[in-house]
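Heads up: the structure comes next, in structure tokens.
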There are 2 protein chains.
Amino acid sequence: MAVATTNRMTGEERREHVLAAAKREFAENGYHATSTTRIAKRAGISQPYIYALFPDKRTLFLAVYDATVARVTAAFVAAAESVEGIDEKLAAMGEAYSEFLEDRVELQCQLQAHAAAAGDPDLQADIRAGFSSIWRAVAKATGADQERLVAFFAYGMLLNVGAALDLPEVAEKGC
Amino acid sequence: MAVATTNRMTGEERREHVLAAAKREFAENGYHATSTTRIAKRAGISQPYIYALFPDKRTLFLAVYDATVARVTAAFVAAAESVEGIDEKLAAMGEAYSEFLEDRVELQCQLQAHAAAAGDPDLQADIRAGFSSIWRAVAKATGADQERLVAFFAYGMLLNVGAALDLPEVAEKGC
DNA sequence: GGAAACTGATAGATCAATCAATAACTCGAA
DNA sequence: TTCGAGTTATTGATTGATCTATCAGTTTCC
């Protein structure tokens with residue numbers, strides 16, 4: 001037989017492909033409703049091979065979440081460095097977040113992570129750490145006070161919900 | 001054998017007991033990670049009997065969500081009626097929402113509903129309808145403009161996340 | 001005795017994870 | 001320049017657990 005291996009990859013390459021596939025699936029269906037079979041199918045590999053790349057489903061989920069945190073943080077910091085003044089920085093960061101809006105995957109990922117964290121102490125610890133890390137990065141990059149930070153993140157959370165629900169009420173305005 | 005039925009109830013009574021049990025379970029673990037077995041165990045009945053009270057798990061989940069929407073809406077409307085002035089009404093409603101904070105179940109329920117809705121068109125339609133209904137109720141009860149409504153709901157969403165993650169950053173302030 | 005409340009048993013599907021095995025690439029030696 | 005040994009990538013088969021939903025039957029009350 002030997003149907004010809006269409007594409008054999010480096011472990012590292014494959015790992016990133018799996019991460020990308022998992023991101024899409026987790027974003028849409030959440031942690032528990034996403035099966036490793038679906039992720040594997042989307043990544044174009046067999047289901048058991050996932051376990052050669054990640055020790056378990058939970059670790060894969062957290063890897064996806066950590067990557068999202070890293071991307072969001074990087075976008076925020078870059079935006080903040082592009083202008084001067086606290087309010088200007090916050091506005092620029094709001095703009096940056098809007099880019100994530102086009103492809104809602106990033107936002108839904110966060111929402112799913114927060115939901116999954118609620119009932120799972122281990123997950124909760126890691127995900128709270130990720131959230132706090134973004135919070136601290138924004139605080140440091142802007143120098144904003146607690147009140148403005150709360151408003152900024154509150155609006156971000158509303159955008160997340162808007163992305164999940166396809167809300168008409170949350171398709172406009174910029175903070 | 002016949003171990004003696006400890007407590008036999010009306011269908012309606014039992015239904016509400018199941019709703020209460022389901023609320024706790026869904027709030028903590030979300031739609032997919034909550035099994036009907038766990039709900040039944042918490043409600044003190046056998047698992048199959050749930051299907052005599054609700055046609056399926058999805059309907060039960062939506063019933064829980066609808067009840068939450070009703071409670072939140074009622075609390076908001078009552079708070080708004082207690083004072084005069086748009087800002088005063090919004091502040092009173094923020095106060096009312098804080099009451100839900102003590103028992104985080106209500107907040108987590110919403111977060112879980114939003115997450116479950118993301119990847120399920122049918123669920124999404126119902127849950128978006130619930131969210132919009134709260135939004136409209138608040139708009140009508142306060143007469144606030146879109147900008148203030150966005151800020152109000154944004155803060156609410158942040159509280160939801162705070163409840164799910166046990167965030168230190170979101171344990172203070174009142175809008 | 002008949003309706004309403006309730007359970008036991010179970011079918012059928014799915015899922016995370018393990019294991020043994022195979023295919024393909026790398027690179028040094030002949 | 002080929003051979004082959006070792007390494008890396010990848011899969012098939014399978015296990016045991018779990019979950020939704022159904023159905024037939026039993027208890028309890030009026």
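All residue names refer to the structure tokens as shown: chains lettered A, B, ... in order, residues numbered from 1 in each chain, ligands numbered from 1 in order.
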Return as a compact mmCIF listing (two decimals) with C-alpha atoms (C1' of nucleotides), in the first residue's frame the residues belonging to chain D that are within 12 Å of chain A, counting only C-alpha atoms (C1' of nucleotides).
# COMPACT_ATOMS: atom_id res chain seq x y z
C1' DT D 8 12.81 10.60 14.35
C1' DA D 9 8.13 10.90 12.63
C1' DT D 10 3.95 8.64 12.43
C1' DT D 11 0.10 5.28 12.65
C1' DG D 12 -3.31 1.14 13.79
C1' DA D 13 -5.35 -1.21 17.17
C1' DT D 14 -7.19 -1.17 21.42
*Would you please give, as a ChimeraX atom specification, all residues of stretch 35-173 of chain A that DSSP assigns to helix (DSSP H, G or I) based on the backbone?*
/A:36-43,47-53,57-81,86-102,105-118,121-142,146-165
For the contact check between chain B and chain A, emit one row per residue of chain B within 6 Å, containing the shortest atom pair and the distance in Å rounded to one decimal, counting only C-alpha atoms, chain then rising number order, as a tab-separated table.
residue	atom	partner	partner_atom	distance
B:Glu28	CA	A:Gly119	CA	4.5
B:Asn29	CA	A:Gly119	CA	4.9
B:His32	CA	A:Ala33	CA	5.7
B:Ala33	CA	A:His32	CA	5.7
B:Gln112	CA	A:Ala115	CA	5.6
B:Ala115	CA	A:Gln112	CA	5.6
B:Ala118	CA	A:Ala164	CA	4.4
B:Gly119	CA	A:Glu28	CA	4.5
B:Arg128	CA	A:Leu165	CA	5.7
B:Ala154	CA	A:Ala154	CA	4.7
B:Tyr155	CA	A:Ala154	CA	4.9
B:Met157	CA	A:Met157	CA	5.7
B:Leu158	CA	A:Ala154	CA	4.8
B:Ala164	CA	A:Ala118	CA	4.4
B:Leu165	CA	A:Arg128	CA	5.6
Taking C-alpha atoms for each residue, export the selection above as a short mmCIF file (atom, residue, chain, number, x, y, z; two decimals), in the first residue's frame.
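Final output, saved to result-v4.cif:
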data_model
loop_
_atom_site.label_atom_id
_atom_site.label_comp_id
_atom_site.auth_asym_id
_atom_site.auth_seq_id
_atom_site.Cartn_x
_atom_site.Cartn_y
_atom_site.Cartn_z
CA GLU B 28 -18.77 25.29 37.92
CA ASN B 29 -18.02 22.92 35.07
CA HIS B 32 -20.09 19.91 28.18
CA ALA B 33 -18.14 18.95 31.27
CA GLN B 112 -20.42 29.30 30.93
CA ALA B 115 -18.63 30.01 26.25
CA ALA B 118 -19.55 30.21 20.84
CA GLY B 119 -19.44 26.97 18.89
CA ARG B 128 -27.75 35.86 22.50
CA ALA B 154 -18.37 45.76 30.12
CA TYR B 155 -17.88 46.03 33.83
CA MET B 157 -18.43 40.96 32.04
CA LEU B 158 -15.25 41.72 33.93
CA ALA B 164 -14.39 32.48 37.31
CA LEU B 165 -10.71 33.17 37.90
#
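For chain C, the residues within 10 Å of chain B are C:DA4, C:DA5, C:DC6, C:DT7, C:DG8, with only C-alpha atoms (C1' of nucleotides) used to measure distance.
The spacing separating atom CA of B:Ala80 from atom CA of B:Ala144 amounts to 11.4 Å.
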